[in-house]
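J.: Below is the file model.tsv, with TSV, C-alpha atoms.
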```
chain	number	residue	atom	x	y	z
A	26	MET	CA	-20.22	16.68	-29.17
A	27	LEU	CA	-23.36	16.08	-27.12
A	28	LEU	CA	-22.80	12.31	-27.31
A	29	VAL	CA	-19.18	12.69	-26.23
A	30	VAL	CA	-20.11	14.92	-23.28
A	31	THR	CA	-22.93	12.59	-22.25
A	32	PHE	CA	-20.71	9.50	-22.50
A	33	GLY	CA	-17.98	11.21	-20.48
A	34	THR	CA	-20.42	12.32	-17.79
A	35	VAL	CA	-22.04	8.91	-17.49
A	36	THR	CA	-18.62	7.23	-17.35
A	37	TYR	CA	-17.44	9.60	-14.64
A	38	PHE	CA	-20.46	8.97	-12.41
A	39	TRP	CA	-20.30	5.23	-13.08
A	40	ALA	CA	-16.63	5.13	-12.09
A	41	SER	CA	-17.18	7.33	-9.04
A	42	SER	CA	-19.99	5.06	-7.85
A	43	LYS	CA	-17.60	2.08	-7.79
A	44	ILE	CA	-15.31	3.63	-5.17
A	45	HIS	CA	-15.66	2.38	-1.58
A	46	HIS	CA	-15.23	5.13	1.02
A	47	GLU	CA	-14.50	4.85	4.73
A	48	ASP	CA	-14.21	7.52	7.41
A	49	VAL	CA	-10.49	7.08	8.10
A	50	LEU	CA	-8.75	10.45	8.42
A	51	ASN	CA	-10.25	12.16	11.46
A	52	ASP	CA	-9.07	15.23	13.33
A	53	TYR	CA	-7.82	14.80	16.89
A	54	GLN	CA	-5.85	16.77	19.43
A	55	GLY	CA	-2.18	16.83	18.54
A	56	ARG	CA	-2.66	15.87	14.89
A	57	PRO	CA	0.26	17.05	12.71
A	58	SER	CA	-0.41	20.19	10.72
A	59	GLY	CA	-0.55	20.12	6.95
A	60	SER	CA	2.78	19.97	5.15
A	61	GLU	CA	4.09	20.66	1.66
A	62	GLY	CA	2.87	18.26	-1.03
A	63	THR	CA	0.41	15.36	-0.89
A	64	THR	CA	0.82	12.19	1.15
A	65	TRP	CA	-0.97	8.87	0.77
A	66	LEU	CA	-0.99	5.94	3.17
A	67	ILE	CA	-1.27	2.82	0.99
A	68	VAL	CA	-2.22	-0.36	2.83
A	69	GLY	CA	-2.34	-3.93	1.62
A	70	SER	CA	-4.53	-5.97	3.95
A	71	ASP	CA	-4.82	-9.74	4.24
A	72	SER	CA	-8.61	-9.60	4.01
A	73	ARG	CA	-10.08	-12.76	2.46
A	74	GLU	CA	-13.43	-11.04	1.85
A	75	GLY	CA	-15.06	-12.34	-1.33
A	76	LEU	CA	-12.85	-15.44	-1.55
A	77	ASP	CA	-14.44	-18.88	-1.38
A	78	ALA	CA	-12.63	-22.09	-0.38
A	79	THR	CA	-11.41	-22.69	-3.93
A	80	ASP	CA	-10.03	-19.15	-4.21
A	81	ARG	CA	-8.26	-19.39	-0.84
A	82	LYS	CA	-6.60	-22.65	-1.87
A	83	ARG	CA	-5.57	-21.32	-5.29
A	84	LEU	CA	-4.17	-18.10	-3.81
A	85	HIS	CA	-2.54	-19.80	-0.78
A	86	THR	CA	-4.22	-17.34	1.59
A	87	GLY	CA	-5.53	-19.65	4.32
A	88	LYS	CA	-8.82	-18.75	5.99
A	89	ALA	CA	-7.94	-16.36	8.83
A	90	GLU	CA	-10.89	-14.26	9.98
A	91	GLY	CA	-10.84	-10.47	9.96
A	92	LYS	CA	-7.95	-8.59	8.38
A	93	ARG	CA	-4.46	-7.40	9.22
A	94	THR	CA	-1.98	-5.21	7.38
A	95	ASP	CA	0.28	-7.09	5.01
A	96	SER	CA	2.09	-3.96	3.78
A	97	MET	CA	2.12	-0.23	4.47
A	98	MET	CA	3.66	2.52	2.37
A	99	LEU	CA	3.73	6.30	2.30
A	100	LEU	CA	3.58	7.90	-1.14
A	101	HIS	CA	4.57	11.56	-1.00
A	102	LYS	CA	4.65	13.97	-3.91
A	103	GLY	CA	5.89	17.51	-3.44
A	104	LYS	CA	8.46	20.06	-4.54
A	105	GLY	CA	11.23	17.57	-3.81
A	106	GLY	CA	9.77	14.98	-6.17
A	107	THR	CA	7.97	11.71	-5.52
A	108	ALA	CA	8.96	9.29	-2.78
A	109	LEU	CA	7.59	5.88	-1.82
A	110	ILE	CA	8.55	4.80	1.71
A	111	SER	CA	7.75	1.36	3.08
A	112	LEU	CA	6.86	1.11	6.76
A	113	PRO	CA	7.65	-2.37	8.15
A	114	ARG	CA	4.53	-3.89	9.63
A	115	ASP	CA	6.55	-4.99	12.69
A	116	SER	CA	7.79	-1.43	13.37
A	117	TYR	CA	7.90	-0.79	17.12
A	118	VAL	CA	5.88	2.39	17.56
A	119	GLN	CA	3.57	4.17	19.96
A	120	ILE	CA	-0.09	3.34	19.36
A	121	PRO	CA	-2.20	6.23	20.70
A	122	ALA	CA	-5.13	5.79	23.06
A	123	TYR	CA	-8.36	4.71	21.38
A	124	SER	CA	-11.95	3.82	22.27
A	125	LYS	CA	-13.31	0.28	22.19
A	126	ASN	CA	-16.76	-0.81	23.33
A	127	GLY	CA	-17.28	2.56	25.00
A	128	LYS	CA	-14.04	2.35	26.97
A	129	THR	CA	-10.72	4.11	26.46
A	130	VAL	CA	-7.69	1.92	25.88
A	131	LYS	CA	-4.55	3.72	26.97
A	132	ALA	CA	-1.62	4.39	24.64
A	133	GLN	CA	0.83	1.53	24.26
A	134	LYS	CA	3.96	0.58	22.36
A	135	ASP	CA	3.44	-2.30	19.94
A	136	LYS	CA	3.97	-3.39	16.36
A	137	LEU	CA	2.57	-1.00	13.76
A	138	ASN	CA	0.22	-3.60	12.31
A	139	ALA	CA	-1.32	-4.06	15.76
A	140	ALA	CA	-2.90	-0.61	15.33
A	141	PHE	CA	-4.88	-1.90	12.34
A	142	ALA	CA	-5.91	-5.07	14.17
A	143	LEU	CA	-7.00	-3.12	17.27
A	144	GLY	CA	-8.74	-0.11	15.76
A	145	GLY	CA	-8.90	-0.57	12.02
A	146	ALA	CA	-7.85	1.99	9.43
A	147	PRO	CA	-8.58	5.10	11.58
A	148	LEU	CA	-6.24	3.98	14.39
A	149	LEU	CA	-3.58	2.90	11.89
A	150	ALA	CA	-3.72	6.29	10.16
A	151	ARG	CA	-3.44	8.14	13.47
A	152	THR	CA	-0.52	5.92	14.54
A	153	VAL	CA	1.34	6.59	11.28
A	154	GLU	CA	0.73	10.34	11.51
A	155	LEU	CA	2.07	10.56	15.06
A	156	ALA	CA	5.05	8.28	14.33
A	157	THR	CA	6.09	10.23	11.23
A	158	GLY	CA	4.86	13.75	12.03
A	159	ILE	CA	3.23	13.83	8.58
A	160	ARG	CA	-0.45	14.65	8.12
A	161	LEU	CA	-2.05	12.19	5.71
A	162	ASP	CA	-4.07	13.60	2.81
A	163	HIS	CA	-5.39	10.31	1.46
A	164	TYR	CA	-5.76	6.64	2.40
A	165	ALA	CA	-6.05	3.61	0.09
A	166	GLU	CA	-6.47	-0.05	1.08
A	167	ILE	CA	-6.74	-3.24	-0.96
A	168	GLY	CA	-7.24	-6.87	0.10
A	169	PHE	CA	-6.06	-10.17	-1.37
A	170	GLY	CA	-9.05	-10.78	-3.63
A	171	GLY	CA	-9.10	-7.25	-5.01
A	172	PHE	CA	-5.39	-7.34	-5.79
A	173	ASN	CA	-5.78	-10.60	-7.69
A	174	ASN	CA	-8.73	-9.23	-9.69
A	175	ILE	CA	-6.91	-6.03	-10.69
A	176	VAL	CA	-3.92	-7.92	-12.09
A	177	ASP	CA	-6.12	-10.39	-13.99
A	178	SER	CA	-8.20	-7.55	-15.45
A	179	MET	CA	-4.98	-6.24	-17.05
A	180	ASP	CA	-4.13	-9.67	-18.48
A	181	GLY	CA	-1.15	-9.78	-16.16
A	182	VAL	CA	1.71	-7.48	-15.21
A	183	ASP	CA	5.29	-7.70	-16.48
A	184	ILE	CA	8.08	-8.12	-13.96
A	185	CYS	CA	11.81	-8.91	-14.24
A	186	LEU	CA	13.50	-11.05	-11.57
A	187	LYS	CA	17.23	-11.31	-10.98
A	188	GLN	CA	16.85	-14.70	-9.33
A	189	PRO	CA	14.20	-17.40	-9.05
A	190	ILE	CA	11.72	-17.32	-6.17
A	191	LYS	CA	10.23	-20.36	-4.49
A	192	ASP	CA	8.25	-19.71	-1.33
A	193	GLU	CA	5.96	-22.50	-0.14
A	194	LYS	CA	3.81	-20.42	2.22
A	195	SER	CA	2.89	-17.77	-0.33
A	196	GLY	CA	2.86	-20.23	-3.24
A	197	ALA	CA	5.44	-18.26	-5.24
A	198	ASP	CA	7.31	-20.41	-7.77
A	199	LEU	CA	8.88	-18.06	-10.32
A	200	GLN	CA	11.88	-18.33	-12.59
A	201	ALA	CA	14.55	-15.68	-13.03
A	202	GLY	CA	14.12	-13.28	-15.95
A	203	CYS	CA	11.33	-11.16	-17.39
A	204	GLN	CA	7.81	-12.61	-17.35
A	205	THR	CA	4.13	-11.75	-17.08
A	206	LEU	CA	2.48	-12.60	-13.76
A	207	ASP	CA	-1.22	-13.35	-13.49
A	208	GLY	CA	-3.20	-12.39	-10.40
A	209	ALA	CA	-2.37	-15.48	-8.36
A	210	GLN	CA	1.34	-15.31	-9.23
A	211	ALA	CA	1.45	-11.58	-8.47
A	212	LEU	CA	-0.17	-12.05	-5.07
A	213	ALA	CA	2.28	-14.84	-4.24
A	214	PHE	CA	5.18	-12.62	-5.35
A	215	VAL	CA	4.28	-9.62	-3.18
A	216	ARG	CA	3.59	-11.88	-0.15
A	217	ALA	CA	6.72	-14.05	-0.42
A	218	ARG	CA	9.18	-13.59	2.43
A	219	TYR	CA	10.13	-16.92	3.99
A	220	PHE	CA	12.58	-17.81	1.19
A	221	ASP	CA	14.42	-14.52	1.71
A	222	PRO	CA	16.96	-14.13	4.55
A	223	ARG	CA	15.92	-10.45	4.72
A	224	SER	CA	12.28	-11.50	5.32
A	225	ASP	CA	9.98	-8.44	5.43
A	226	LEU	CA	12.70	-6.02	4.31
A	227	GLY	CA	13.24	-7.94	1.09
A	228	ARG	CA	9.51	-8.37	0.61
A	229	MET	CA	8.92	-4.62	0.88
A	230	GLU	CA	11.38	-3.99	-1.95
A	231	ARG	CA	9.56	-6.51	-4.13
A	232	GLN	CA	6.22	-4.90	-3.26
A	233	GLN	CA	7.52	-1.51	-4.36
A	234	GLN	CA	8.87	-3.02	-7.58
A	235	PHE	CA	5.56	-4.66	-8.41
A	236	LEU	CA	3.39	-1.65	-7.58
A	237	GLY	CA	5.49	0.43	-9.96
A	238	SER	CA	5.03	-2.14	-12.74
A	239	LEU	CA	1.30	-2.36	-12.00
A	240	ALA	CA	0.87	1.40	-12.25
A	241	LYS	CA	2.94	1.52	-15.44
A	242	LYS	CA	0.68	-1.10	-17.04
A	243	ALA	CA	-2.48	0.67	-15.84
A	244	LYS	CA	-1.55	3.96	-17.50
A	245	SER	CA	-0.22	2.40	-20.72
A	246	ALA	CA	-1.89	3.15	-24.05
A	247	GLY	CA	-2.88	-0.50	-24.38
A	248	VAL	CA	-5.12	-0.12	-21.33
A	249	LEU	CA	-6.19	3.53	-21.31
A	250	LEU	CA	-6.99	3.85	-25.02
A	251	ASN	CA	-8.69	0.49	-25.41
A	252	PRO	CA	-12.25	0.53	-23.99
A	253	PHE	CA	-12.30	-3.28	-23.96
A	254	SER	CA	-9.39	-3.11	-21.50
A	255	ALA	CA	-10.00	0.22	-19.78
A	256	PHE	CA	-13.50	-0.53	-18.49
A	257	PRO	CA	-12.72	-3.97	-17.01
A	258	VAL	CA	-9.57	-2.57	-15.38
A	259	ALA	CA	-11.48	0.41	-13.97
A	260	ASP	CA	-14.26	-1.87	-12.74
A	261	ALA	CA	-11.83	-4.24	-10.99
A	262	SER	CA	-9.59	-1.49	-9.61
A	263	LEU	CA	-12.20	0.91	-8.28
A	264	GLY	CA	-14.27	-1.89	-6.78
A	265	ALA	CA	-11.25	-3.36	-4.99
A	266	VAL	CA	-9.94	-0.23	-3.27
A	267	THR	CA	-11.21	1.37	-0.07
A	268	VAL	CA	-10.31	5.05	0.33
A	269	ASP	CA	-10.96	7.90	2.75
A	270	GLU	CA	-14.08	10.04	2.44
A	271	ASP	CA	-12.37	12.88	0.56
A	272	THR	CA	-10.65	10.79	-2.12
A	273	GLY	CA	-12.23	10.99	-5.55
A	274	LEU	CA	-11.67	9.62	-9.03
A	275	PHE	CA	-9.07	12.20	-10.03
A	276	ASP	CA	-7.14	11.62	-6.80
A	277	LEU	CA	-6.89	7.91	-7.63
A	278	TYR	CA	-5.75	8.77	-11.14
A	279	ASP	CA	-2.98	10.94	-9.67
A	280	LEU	CA	-2.01	8.06	-7.38
A	281	PHE	CA	-1.55	5.64	-10.29
A	282	LYS	CA	0.24	8.32	-12.31
A	283	ASP	CA	2.72	9.00	-9.50
A	284	MET	CA	3.31	5.27	-8.96
A	285	GLY	CA	3.98	4.89	-12.67
A	286	THR	CA	6.51	7.72	-12.51
A	287	LEU	CA	8.45	5.79	-9.88
A	288	SER	CA	8.56	2.71	-12.12
A	289	GLY	CA	10.32	4.84	-14.75
A	290	GLY	CA	13.19	5.56	-12.40
A	291	ASP	CA	12.12	9.03	-11.23
A	292	GLY	CA	11.78	9.72	-7.52
A	293	VAL	CA	12.87	7.59	-4.57
A	294	LYS	CA	11.76	4.15	-3.40
A	295	THR	CA	13.03	3.24	0.03
A	296	THR	CA	12.26	1.98	3.52
A	297	VAL	CA	12.19	4.02	6.71
A	298	PRO	CA	15.73	3.96	8.18
A	299	ILE	CA	16.15	0.98	10.50
A	300	ALA	CA	18.45	0.57	13.50
A	301	ASN	CA	17.57	-3.03	14.38
A	302	PRO	CA	15.42	-5.36	12.21
A	303	GLY	CA	15.20	-7.94	15.01
A	304	TYR	CA	14.57	-5.90	18.15
A	305	ASP	CA	13.12	-8.26	20.75
A	306	VAL	CA	10.49	-6.85	23.12
A	307	LYS	CA	9.13	-8.88	26.00
A	308	GLY	CA	5.45	-9.61	25.47
A	309	VAL	CA	5.55	-8.32	21.90
A	310	GLY	CA	8.20	-10.45	20.20
A	311	SER	CA	10.63	-9.59	17.44
A	312	THR	CA	10.05	-6.05	16.15
A	313	VAL	CA	11.68	-3.57	13.81
A	314	LEU	CA	13.32	-0.61	15.55
A	315	TRP	CA	13.61	2.55	13.48
A	316	ASP	CA	16.80	4.58	13.31
A	317	ASP	CA	15.34	7.52	15.22
A	318	LYS	CA	17.72	10.16	13.85
A	319	GLY	CA	17.51	8.94	10.24
A	320	ALA	CA	13.72	8.54	10.34
A	321	LYS	CA	13.19	12.04	11.74
A	322	ALA	CA	15.46	13.52	9.05
A	323	LEU	CA	13.60	11.64	6.30
A	324	PHE	CA	10.14	12.71	7.43
A	325	GLN	CA	11.23	16.30	8.05
A	326	ALA	CA	12.57	16.48	4.49
A	327	LEU	CA	9.20	15.27	3.18
A	328	ARG	CA	7.30	17.79	5.27
A	329	GLU	CA	9.49	20.62	4.01
A	330	GLY	CA	9.40	19.63	0.35
A	331	ARG	CA	13.07	18.69	0.10
A	332	THR	CA	14.40	15.86	-2.06
A	333	VAL	CA	15.23	12.77	-0.02
A	334	ASP	CA	17.96	10.24	-0.68
A	335	ALA	CA	17.48	6.51	-0.35
A	336	PRO	CA	19.06	5.52	2.99
A	337	LYS	CA	21.78	2.89	2.94
A	338	HIS	CA	21.05	-0.27	4.90
```
I'd like the structure from this file rewritten - as structure tokens, please.
T.:
Amino acid sequence: MLLVVTFGTVTYFWASSKIHHEDVLNDYQGRPSGSEGTTWLIVGSDSREGLDATDRKRLHTGKAEGKRTDSMMLLHKGKGGTALISLPRDSYVQIPAYSKNGKTVKAQKDKLNAAFALGGAPLLARTVELATGIRLDHYAEIGFGGFNNIVDSMDGVDICLKQPIKDEKSGADLQAGCQTLDGAQALAFVRARYFDPRSDLGRMERQQQFLGSLAKKAKSAGVLLNPFSAFPVADASLGAVTVDEDTGLFDLYDLFKDMGTLSGGDGVKTTVPIANPGYDVKGVGSTVLWDDKGAKALFQALREGRTVDAPKH
């Protein structure tokens, strides 16, 4: 019993030490009050950190400096069940005022992913909170290299495709049917959009599909009960994710568990209601305009713990 307790304690502290924390969720005047349930902001960034020239070529990532948001999702679990809502990165929203180099930059309307480029995760989180009226409880972010490593640590993730995908920019070249994707193939799959007439909207659906399959594989007996699989997966996963200061090991476990529940058909996977996917704004370009009435109804239902239905597009 002593050995078991000691092993468990050491494993817990080892795993906890692998987590990268960042001060993301700060209080500010006008921040939404807490609501029913727990809400995560899950961000996929295009960070190339840790990738050398060979990796960038193999993963078709290019060599852009810095990082931008490649995907953004809200995962909410409450009395009404579990819901995963994609937020288009080109959503036309109000970015609140922020400080830069000791100066205040006034509030402005822009694409949602501009908030991340301008002020990093803290400004993105504040922008999402004010746009949705939902107070975030947790934040999780993963870059290209980390995503690739997680999938490879699991020996791939199973996915079923209704039609083949060939996207030159992302490098995706996949046949229709069920198959196991390695890290490079998985990254190409979740980034592919140019082959699809629906562009980002279609890509967000594929991202949701893959995240569900990833979580299902992560919590399977073949991974959890096999130390030769569990430790490499934990090492790759925890080392790849950046979370807010208050997120711990058990919070991340709950995140994967809830994502796995969605892959089993429970809960709702959807996109914020959209009025115009090609809303042109002078000086900004083509943006995604939310359906104001539908979006407010969706986020109010989440705040109040009511079950939400997948909007029809």
J.: Could you list, as a list in words, every residue within 8 Å of region 51-59 of chain A, counting all atoms listed in the file and ignoring same-chain residues fewer than 2 positions away?
T.: Asp48, Val49, Glu61, Pro147, Arg151, Glu154, Leu155, Gly158, Ile159 and Arg160 of chain A
J.: What are the closest atom pairs, with distances in Å to one decimal, for each residue of region 131-167 of chain A lying within 12 Å of region 293-305 of chain A, using only C-alpha atoms, rows by chain and rising residue number, as a tab-separated table?
T.:
```
residue	atom	partner	partner_atom	distance
A:Asp135	CA	A:Asp305	CA	11.4
A:Lys136	CA	A:Tyr304	CA	11.0
A:Ala156	CA	A:Val297	CA	11.3
A:Thr157	CA	A:Val297	CA	9.8
```
J.: Please compute the CA of Gly202 (chain A)-CA of Pro189 (chain A) distance, one decimal, in Å.
T.: 8.0 Å
J.: Excluding same-chain residues fewer than 4 positions from region 103-116 of chain A, what lies within 8 Å of it counting all atoms listed in the file, as a PDB file with C-alpha atoms, in the coordinates of the input?
T.:
```pdb
ATOM      1  CA  GLU A  61       4.090  20.660   1.660  1.00  0.00           C
ATOM      2  CA  GLY A  62       2.870  18.260  -1.030  1.00  0.00           C
ATOM      3  CA  THR A  63       0.410  15.360  -0.890  1.00  0.00           C
ATOM      4  CA  THR A  94      -1.980  -5.210   7.380  1.00  0.00           C
ATOM      5  CA  ASP A  95       0.280  -7.090   5.010  1.00  0.00           C
ATOM      6  CA  SER A  96       2.090  -3.960   3.780  1.00  0.00           C
ATOM      7  CA  MET A  97       2.120  -0.230   4.470  1.00  0.00           C
ATOM      8  CA  MET A  98       3.660   2.520   2.370  1.00  0.00           C
ATOM      9  CA  LEU A  99       3.730   6.300   2.300  1.00  0.00           C
ATOM     10  CA  ASP A 135       3.440  -2.300  19.940  1.00  0.00           C
ATOM     11  CA  LYS A 136       3.970  -3.390  16.360  1.00  0.00           C
ATOM     12  CA  LEU A 137       2.570  -1.000  13.760  1.00  0.00           C
ATOM     13  CA  ASN A 138       0.220  -3.600  12.310  1.00  0.00           C
ATOM     14  CA  ASP A 225       9.980  -8.440   5.430  1.00  0.00           C
ATOM     15  CA  LEU A 226      12.700  -6.020   4.310  1.00  0.00           C
ATOM     16  CA  MET A 229       8.920  -4.620   0.880  1.00  0.00           C
ATOM     17  CA  GLN A 233       7.520  -1.510  -4.360  1.00  0.00           C
ATOM     18  CA  ASP A 283       2.720   9.000  -9.500  1.00  0.00           C
ATOM     19  CA  LEU A 287       8.450   5.790  -9.880  1.00  0.00           C
ATOM     20  CA  ASP A 291      12.120   9.030 -11.230  1.00  0.00           C
ATOM     21  CA  GLY A 292      11.780   9.720  -7.520  1.00  0.00           C
ATOM     22  CA  VAL A 293      12.870   7.590  -4.570  1.00  0.00           C
ATOM     23  CA  LYS A 294      11.760   4.150  -3.400  1.00  0.00           C
ATOM     24  CA  THR A 295      13.030   3.240   0.030  1.00  0.00           C
ATOM     25  CA  THR A 296      12.260   1.980   3.520  1.00  0.00           C
ATOM     26  CA  VAL A 297      12.190   4.020   6.710  1.00  0.00           C
ATOM     27  CA  SER A 311      10.630  -9.590  17.440  1.00  0.00           C
ATOM     28  CA  THR A 312      10.050  -6.050  16.150  1.00  0.00           C
ATOM     29  CA  VAL A 313      11.680  -3.570  13.810  1.00  0.00           C
ATOM     30  CA  LEU A 314      13.320  -0.610  15.550  1.00  0.00           C
ATOM     31  CA  TRP A 315      13.610   2.550  13.480  1.00  0.00           C
ATOM     32  CA  LEU A 327       9.200  15.270   3.180  1.00  0.00           C
ATOM     33  CA  GLY A 330       9.400  19.630   0.350  1.00  0.00           C
ATOM     34  CA  ARG A 331      13.070  18.690   0.100  1.00  0.00           C
ATOM     35  CA  THR A 332      14.400  15.860  -2.060  1.00  0.00           C
ATOM     36  CA  VAL A 333      15.230  12.770  -0.020  1.00  0.00           C
TER      37      VAL A 333
END
```
J.: Can you measure CA of Leu161 (chain A) to CA of Leu66 (chain A) for me? One decimal in Å is fine.
T.: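 Result for CA of Leu161 (chain A) versus CA of Leu66 (chain A): 6.8 Å, one decimal.
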J.: I'd like to know which of A:Ala265, A:Val118, A:Val68, A:Leu149 is closest to Lys134 (chain A), using only C-alpha atoms.
T.: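 With only C-alpha atoms as the atom set, the closest residue is A:Val118.
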J.: To one decimal place in Å, what is the distance between CA of Asp260 (chain A) and CA of Ala209 (chain A)?
T.: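 Between CA of Asp260 (chain A) and CA of Ala209 (chain A) the gap is 18.6 Å.
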